[in-house]
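Chemist: Let me begin by handing over the structure; questions about it come next.
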Amino acid sequence: RQFAAAYGAGVPLGKILAITGAQVTHKEFKFAIETISTKIQEGKSLSDAFGQFQHIFDDTYRAILQSGELTGNLDTVLNYCAGILEKRQKHSEKIASTLLYPKIVVMTILMTVAIVLVFVIPKFKAIFDKFGSELPLPTRVMMNMSDIFVQYWWAFLCLIPVWRVLREMLRRNEKVMLKTHEFMAHMPIFGNLIIKLELAHFCTAFALLLRAGIQVTQAITTSSNAMSNRYFRKQFSTVVPRIEQGATLSKSMEGVTIVPPIMASMIAIGEESGTIDVLLDKVAQTYDSEAEILLSKVPTYLEPVILSILFGVVLFVALAVYLPMWKMATLLKK
């Protein structure tokens, strides 16, 4: 927003970046702004200069910068970009707050099981071994888990950095991420939520690029590449070839399975009336509101699942501890 305001006031790009960089306290971001300023002074375009730091400025940001350069509406599109980024941040914070309770419960369960395995089960094991009788299956399972955890606890700690490295490797594998994102799109509840959020982002970016004067094919490519879900990107990659073959935008969208009929209908109406960008904004607002309603309901859906897992863990531990005690009590009575 500062960039847009300064550019709208006629301040040169180099000076804008110098002023912005002087205000930044984050070292990495400050270095990025200073480098971008240097690249622009060397003659690079704004989008190319920002493209040097793709881990900071994503596809959406760079595409919007490019559209602003091509149309001369840099200040306008930057303000739209700020709106998109704020909306994404709002959604991310909402999802994070929604998933906080399940994370706390799962971590509590894991910590409780670890304490039982390390401190409780070994003491019971010493008692059970004195009787020499065969123990129930849940007890044997818990004792074996306890032995493994006590002897190889360091291996479990080593799994944390190994998992991080493996996760980063998987993220760079296109096939794996494509299958993962496809699975996420078909998950109960969360799949519908992801579709609505991604389509809202797509419609907002698409409307912005069309309003900025970008060609339909380029706007679709840019908007689809800006989506975080790679499965959705692949779905939308079939739209541009159909348009180039002479099909209308609405007809081309019909081949995308994640696009609801209402969205295709709105695009068809927009084509006829010449107000695609306006109708896309309305579609984005609709999906935003529906996504927020779904987010508010997620804890209600997760609560029975979490309680079931908690009940299962508690029941298993209780059976592992009390079944042999009941057996010992029976033997003592005899």
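Ordered as shown in the structure tokens, chains take letters A, B, and onward, while each chain numbers its residues from 1 and ligands are numbered from 1 in the order shown.
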Name the residues of range 5-95 of chain A that come out as alpha helix (DSSP H) in a backbone DSSP run; write them as number ranges by chain.

Modeler: A: 5-8, 13-23, 27-41, 46-50, 59-71, 74-95

Chemist: So that I can see what lies close to Lys15 in chain A, please list as a PyMOL selection string the residues with an atom at most 12 Å from it, counting only C-alpha atoms and leaving out residues fewer than 3 positions away in the same chain.

Modeler: chain A and resi 3+6-7+10-12+18-22+33-34+36-38+40-41

Chemist: Write the selection just made, keeping N, CA, C and O atoms, as a compact mmCIF listing (two decimals), in the first residue's frame?

Modeler:
```txt
# COMPACT_ATOMS: atom_id res chain seq x y z
N PHE A 3 3.84 1.42 -1.34
CA PHE A 3 4.37 1.43 -2.71
C PHE A 3 3.36 2.10 -3.64
O PHE A 3 3.70 2.98 -4.46
N ALA A 6 2.96 5.93 -2.95
CA ALA A 6 4.10 6.71 -3.43
C ALA A 6 4.15 6.76 -4.94
O ALA A 6 4.43 7.82 -5.54
N TYR A 7 3.84 5.64 -5.59
CA TYR A 7 3.85 5.61 -7.06
C TYR A 7 2.74 6.51 -7.62
O TYR A 7 2.94 7.21 -8.62
N GLY A 10 3.68 10.04 -7.90
CA GLY A 10 4.69 10.39 -8.89
C GLY A 10 6.12 10.20 -8.44
O GLY A 10 7.06 10.68 -9.10
N VAL A 11 6.33 9.50 -7.32
CA VAL A 11 7.70 9.26 -6.83
C VAL A 11 8.35 8.19 -7.70
O VAL A 11 7.74 7.16 -7.99
N PRO A 12 9.61 8.39 -8.15
CA PRO A 12 10.29 7.38 -8.97
C PRO A 12 10.45 6.05 -8.24
O PRO A 12 10.53 6.01 -7.00
N ALA A 18 13.93 2.80 -2.03
CA ALA A 18 14.90 3.27 -1.04
C ALA A 18 14.20 3.68 0.25
O ALA A 18 14.65 3.36 1.36
N ILE A 19 13.07 4.40 0.12
CA ILE A 19 12.30 4.82 1.31
C ILE A 19 11.73 3.60 2.03
O ILE A 19 11.80 3.50 3.26
N THR A 20 11.17 2.67 1.25
CA THR A 20 10.58 1.45 1.84
C THR A 20 11.64 0.63 2.55
O THR A 20 11.43 0.13 3.66
N GLY A 21 12.80 0.45 1.88
CA GLY A 21 13.88 -0.34 2.47
C GLY A 21 14.41 0.26 3.76
O GLY A 21 14.80 -0.47 4.68
N ALA A 22 14.40 1.59 3.85
CA ALA A 22 14.89 2.24 5.07
C ALA A 22 13.97 2.01 6.26
O ALA A 22 14.41 2.03 7.41
N ILE A 33 14.65 -5.87 -0.63
CA ILE A 33 14.25 -4.57 -1.17
C ILE A 33 15.46 -3.83 -1.75
O ILE A 33 15.39 -3.23 -2.83
N GLU A 34 16.57 -3.88 -1.04
CA GLU A 34 17.78 -3.19 -1.52
C GLU A 34 18.29 -3.82 -2.81
O GLU A 34 18.71 -3.12 -3.75
N ILE A 36 16.45 -5.49 -5.03
CA ILE A 36 15.48 -5.15 -6.08
C ILE A 36 15.72 -3.74 -6.59
O ILE A 36 15.68 -3.48 -7.80
N SER A 37 15.99 -2.82 -5.68
CA SER A 37 16.29 -1.43 -6.07
C SER A 37 17.50 -1.36 -6.98
O SER A 37 17.52 -0.65 -7.99
N THR A 38 18.53 -2.15 -6.64
CA THR A 38 19.75 -2.18 -7.46
C THR A 38 19.45 -2.76 -8.84
O THR A 38 19.93 -2.23 -9.87
N ILE A 40 16.63 -2.75 -10.50
CA ILE A 40 15.85 -1.80 -11.29
C ILE A 40 16.75 -0.69 -11.86
O ILE A 40 16.61 -0.28 -13.01
N GLN A 41 17.69 -0.24 -11.05
CA GLN A 41 18.63 0.78 -11.52
C GLN A 41 19.52 0.24 -12.64
O GLN A 41 20.00 1.00 -13.49
```

Chemist: Using only C-alpha atoms for the distances, tell me which of A:Gln151, A:Thr204, A:Gln245, A:Gln215 is nearest to Met227 in chain A.

Modeler: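 Of A:Gln151, A:Thr204, A:Gln245, A:Gln215, the one nearest Met227 in chain A is A:Thr204, counting only C-alpha atoms.
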
Chemist: If we count only C-alpha atoms, what is near range 276-284 of chain A at a cut-off of 10 Å, once residues fewer than 4 positions away on the same chain are taken out, given as a list in words?

Modeler: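 My list of contacting residues is Lys196, Leu197, Glu198, Leu199, Ala200, His201, Phe202, Cys203, Thr204, Ala205, Phe206, Ala207, Leu208, Leu209, Leu210, Arg211, Ile262, Met263, Met266, Ile267, Ala268, Ile269, Gly270, Glu271, Glu272, Asp288, Ser289 and Glu290 of chain A.
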
Chemist: Neighbours of range 75-90 of chain A within 7 Å (only C-alpha atoms; same-chain residues fewer than 6 positions away dropped), as a ChimeraX atom specification?

Modeler: /A:1,4-5,7-8,61,64,68

Chemist: Do you have the CA of Ala212 in chain A-CA of Thr71 in chain A distance handy?

Modeler: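 Answer for the CA of Ala212 in chain A to CA of Thr71 in chain A separation: 6.4 Å.
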
Chemist: Could you list, as a VMD selection string, every residue within 12 Å of Asn225 in chain A, counting only C-alpha atoms and ignoring same-chain residues fewer than 2 positions away?

Modeler: chain A and resid 58 to 63 198 201 to 202 205 to 206 218 to 223 227 to 237

Chemist: Using only C-alpha atoms, which protein or nucleic acid residues come within 12 Å of Ile189 in chain A? Drop anything in the same chain fewer than 3 positions from it, and give the result as an NGL selection string.

Modeler: :A and (184-186 or 192-196 or 291 or 293-302)

Chemist: With all heavy atoms kept, could you save the residues just selected as a short mmCIF file (atom, residue, chain, number, x, y, z; two decimals), in the first residue's frame?

Modeler:
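Ended up saving to again.cif:
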```
data_model
loop_
_atom_site.label_atom_id
_atom_site.label_comp_id
_atom_site.auth_asym_id
_atom_site.auth_seq_id
_atom_site.Cartn_x
_atom_site.Cartn_y
_atom_site.Cartn_z
N MET A 184 -6.26 -33.94 -0.92
CA MET A 184 -6.78 -32.89 -0.05
C MET A 184 -8.08 -32.31 -0.60
O MET A 184 -8.99 -31.97 0.16
CB MET A 184 -5.73 -31.79 0.12
CG MET A 184 -4.52 -32.20 0.92
SD MET A 184 -3.18 -30.97 0.85
CE MET A 184 -3.99 -29.56 1.61
N ALA A 185 -8.16 -32.20 -1.94
CA ALA A 185 -9.35 -31.62 -2.56
C ALA A 185 -10.57 -32.52 -2.41
O ALA A 185 -11.71 -32.04 -2.53
CB ALA A 185 -9.09 -31.34 -4.03
N HIS A 186 -10.35 -33.82 -2.17
CA HIS A 186 -11.47 -34.76 -2.04
C HIS A 186 -11.72 -35.20 -0.61
O HIS A 186 -12.51 -36.11 -0.36
CB HIS A 186 -11.21 -36.00 -2.92
CG HIS A 186 -11.23 -35.70 -4.39
ND1 HIS A 186 -10.09 -35.42 -5.11
CD2 HIS A 186 -12.26 -35.61 -5.27
CE1 HIS A 186 -10.41 -35.20 -6.38
NE2 HIS A 186 -11.71 -35.30 -6.50
N ASN A 192 -14.00 -29.44 0.53
CA ASN A 192 -14.94 -28.39 0.12
C ASN A 192 -14.44 -27.01 0.54
O ASN A 192 -14.57 -26.03 -0.21
CB ASN A 192 -16.31 -28.67 0.73
CG ASN A 192 -17.41 -27.83 0.12
OD1 ASN A 192 -17.28 -27.34 -1.01
ND2 ASN A 192 -18.49 -27.66 0.84
N LEU A 193 -13.87 -26.95 1.72
CA LEU A 193 -13.32 -25.68 2.21
C LEU A 193 -12.16 -25.21 1.34
O LEU A 193 -12.08 -24.03 0.96
CB LEU A 193 -12.86 -25.85 3.66
CG LEU A 193 -12.16 -24.66 4.31
CD1 LEU A 193 -13.09 -23.45 4.37
CD2 LEU A 193 -11.65 -25.01 5.70
N ILE A 194 -11.25 -26.13 1.00
CA ILE A 194 -10.10 -25.79 0.17
C ILE A 194 -10.55 -25.31 -1.20
O ILE A 194 -10.03 -24.32 -1.74
CB ILE A 194 -9.15 -27.00 0.03
CG1 ILE A 194 -8.48 -27.30 1.38
CG2 ILE A 194 -8.09 -26.76 -1.03
CD1 ILE A 194 -7.76 -28.62 1.42
N ILE A 195 -11.55 -25.99 -1.78
CA ILE A 195 -12.05 -25.61 -3.11
C ILE A 195 -12.62 -24.20 -3.08
O ILE A 195 -12.33 -23.37 -3.96
CB ILE A 195 -13.12 -26.61 -3.59
CG1 ILE A 195 -12.47 -27.95 -3.94
CG2 ILE A 195 -13.87 -26.07 -4.81
CD1 ILE A 195 -13.44 -29.06 -4.27
N LYS A 196 -13.40 -23.89 -2.07
CA LYS A 196 -14.03 -22.56 -1.99
C LYS A 196 -12.97 -21.47 -1.81
O LYS A 196 -13.05 -20.40 -2.44
CB LYS A 196 -15.04 -22.53 -0.84
CG LYS A 196 -16.28 -23.36 -1.12
CD LYS A 196 -17.30 -23.23 -0.02
CE LYS A 196 -18.50 -24.14 -0.27
NZ LYS A 196 -19.20 -23.83 -1.52
N ALA A 291 -16.93 -20.02 2.76
CA ALA A 291 -15.73 -20.59 3.39
C ALA A 291 -15.68 -20.21 4.87
O ALA A 291 -15.31 -21.03 5.72
CB ALA A 291 -14.48 -20.11 2.68
N ILE A 293 -18.24 -19.60 6.81
CA ILE A 293 -19.25 -20.40 7.50
C ILE A 293 -18.73 -21.81 7.76
O ILE A 293 -18.90 -22.37 8.85
CB ILE A 293 -20.55 -20.43 6.67
CG1 ILE A 293 -21.20 -19.06 6.61
CG2 ILE A 293 -21.53 -21.45 7.25
CD1 ILE A 293 -22.35 -18.95 5.64
N LEU A 294 -18.07 -22.39 6.74
CA LEU A 294 -17.50 -23.73 6.91
C LEU A 294 -16.42 -23.74 7.99
O LEU A 294 -16.35 -24.67 8.80
CB LEU A 294 -16.90 -24.21 5.58
CG LEU A 294 -17.81 -25.01 4.65
CD1 LEU A 294 -17.09 -25.31 3.35
CD2 LEU A 294 -18.28 -26.28 5.30
N LEU A 295 -15.58 -22.70 7.99
CA LEU A 295 -14.52 -22.62 8.99
C LEU A 295 -15.09 -22.56 10.40
O LEU A 295 -14.54 -23.16 11.33
CB LEU A 295 -13.65 -21.38 8.73
CG LEU A 295 -12.55 -21.52 7.68
CD1 LEU A 295 -11.93 -20.17 7.38
CD2 LEU A 295 -11.47 -22.48 8.16
N SER A 296 -16.19 -21.85 10.56
CA SER A 296 -16.81 -21.74 11.88
C SER A 296 -17.41 -23.07 12.34
O SER A 296 -17.57 -23.32 13.53
CB SER A 296 -17.89 -20.66 11.88
OG SER A 296 -18.95 -21.02 10.99
N LYS A 297 -17.73 -23.96 11.37
CA LYS A 297 -18.33 -25.25 11.70
C LYS A 297 -17.30 -26.37 11.88
O LYS A 297 -17.64 -27.44 12.38
CB LYS A 297 -19.32 -25.66 10.60
CG LYS A 297 -20.56 -24.80 10.53
CD LYS A 297 -21.51 -25.29 9.45
CE LYS A 297 -22.79 -24.47 9.41
NZ LYS A 297 -23.71 -24.93 8.34
N VAL A 298 -16.06 -26.13 11.44
CA VAL A 298 -15.03 -27.17 11.50
C VAL A 298 -14.84 -27.72 12.91
O VAL A 298 -14.76 -28.93 13.10
CB VAL A 298 -13.70 -26.65 10.91
CG1 VAL A 298 -12.53 -27.57 11.28
CG2 VAL A 298 -13.79 -26.56 9.39
N PRO A 299 -14.73 -26.86 13.96
CA PRO A 299 -14.57 -27.42 15.32
C PRO A 299 -15.71 -28.36 15.71
O PRO A 299 -15.49 -29.36 16.40
CB PRO A 299 -14.57 -26.17 16.21
CG PRO A 299 -14.12 -25.06 15.32
CD PRO A 299 -14.67 -25.38 13.97
N THR A 300 -16.95 -28.06 15.25
CA THR A 300 -18.09 -28.92 15.55
C THR A 300 -17.92 -30.30 14.93
O THR A 300 -18.28 -31.32 15.52
CB THR A 300 -19.39 -28.28 15.04
OG1 THR A 300 -19.48 -26.95 15.54
CG2 THR A 300 -20.60 -29.07 15.49
N TYR A 301 -17.36 -30.32 13.69
CA TYR A 301 -17.15 -31.60 13.01
C TYR A 301 -15.97 -32.36 13.62
O TYR A 301 -15.99 -33.60 13.69
CB TYR A 301 -16.85 -31.36 11.53
CG TYR A 301 -18.01 -30.73 10.77
CD1 TYR A 301 -17.80 -29.66 9.91
CD2 TYR A 301 -19.31 -31.21 10.91
CE1 TYR A 301 -18.86 -29.08 9.21
CE2 TYR A 301 -20.36 -30.63 10.23
CZ TYR A 301 -20.13 -29.57 9.37
OH TYR A 301 -21.18 -29.00 8.70
N LEU A 302 -14.95 -31.64 14.07
CA LEU A 302 -13.74 -32.30 14.58
C LEU A 302 -13.91 -32.83 16.00
O LEU A 302 -13.25 -33.79 16.39
CB LEU A 302 -12.56 -31.32 14.54
CG LEU A 302 -11.96 -30.99 13.17
CD1 LEU A 302 -10.85 -29.97 13.32
CD2 LEU A 302 -11.44 -32.23 12.48
#
```

Chemist: If you measure from CA of Leu74 in chain A to CA of Gly14 in chain A, what distance in Å do you get, rounded to one decimal?

Modeler: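 Separating CA of Leu74 in chain A from CA of Gly14 in chain A is a distance of 14.5 Å.
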
Chemist: Could you state the separation of CA of Glu69 in chain A and CA of Val216 in chain A in Å, given to one decimal place?

Modeler: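 If I compute the distance from CA of Glu69 in chain A to CA of Val216 in chain A, I get 17.0 Å.
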
Chemist: I'd like the contact shell of Leu46 in chain A - 8 Å cut-off, only C-alpha atoms, skipping same-chain residues fewer than 2 positions apart - returned as a list in words.

Modeler: Ile40, Lys44, Asp48, Ala49, Phe50, Leu65, Gln66 and Glu69 of chain A

Chemist: Compare A:Glu93, A:Ser67, A:Leu170, A:Phe31 by their minimum atom-to-atom distance to Ser45 in chain A, counting only C-alpha atoms, and give me the closest one.

Modeler: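 Closest candidate: A:Ser67.
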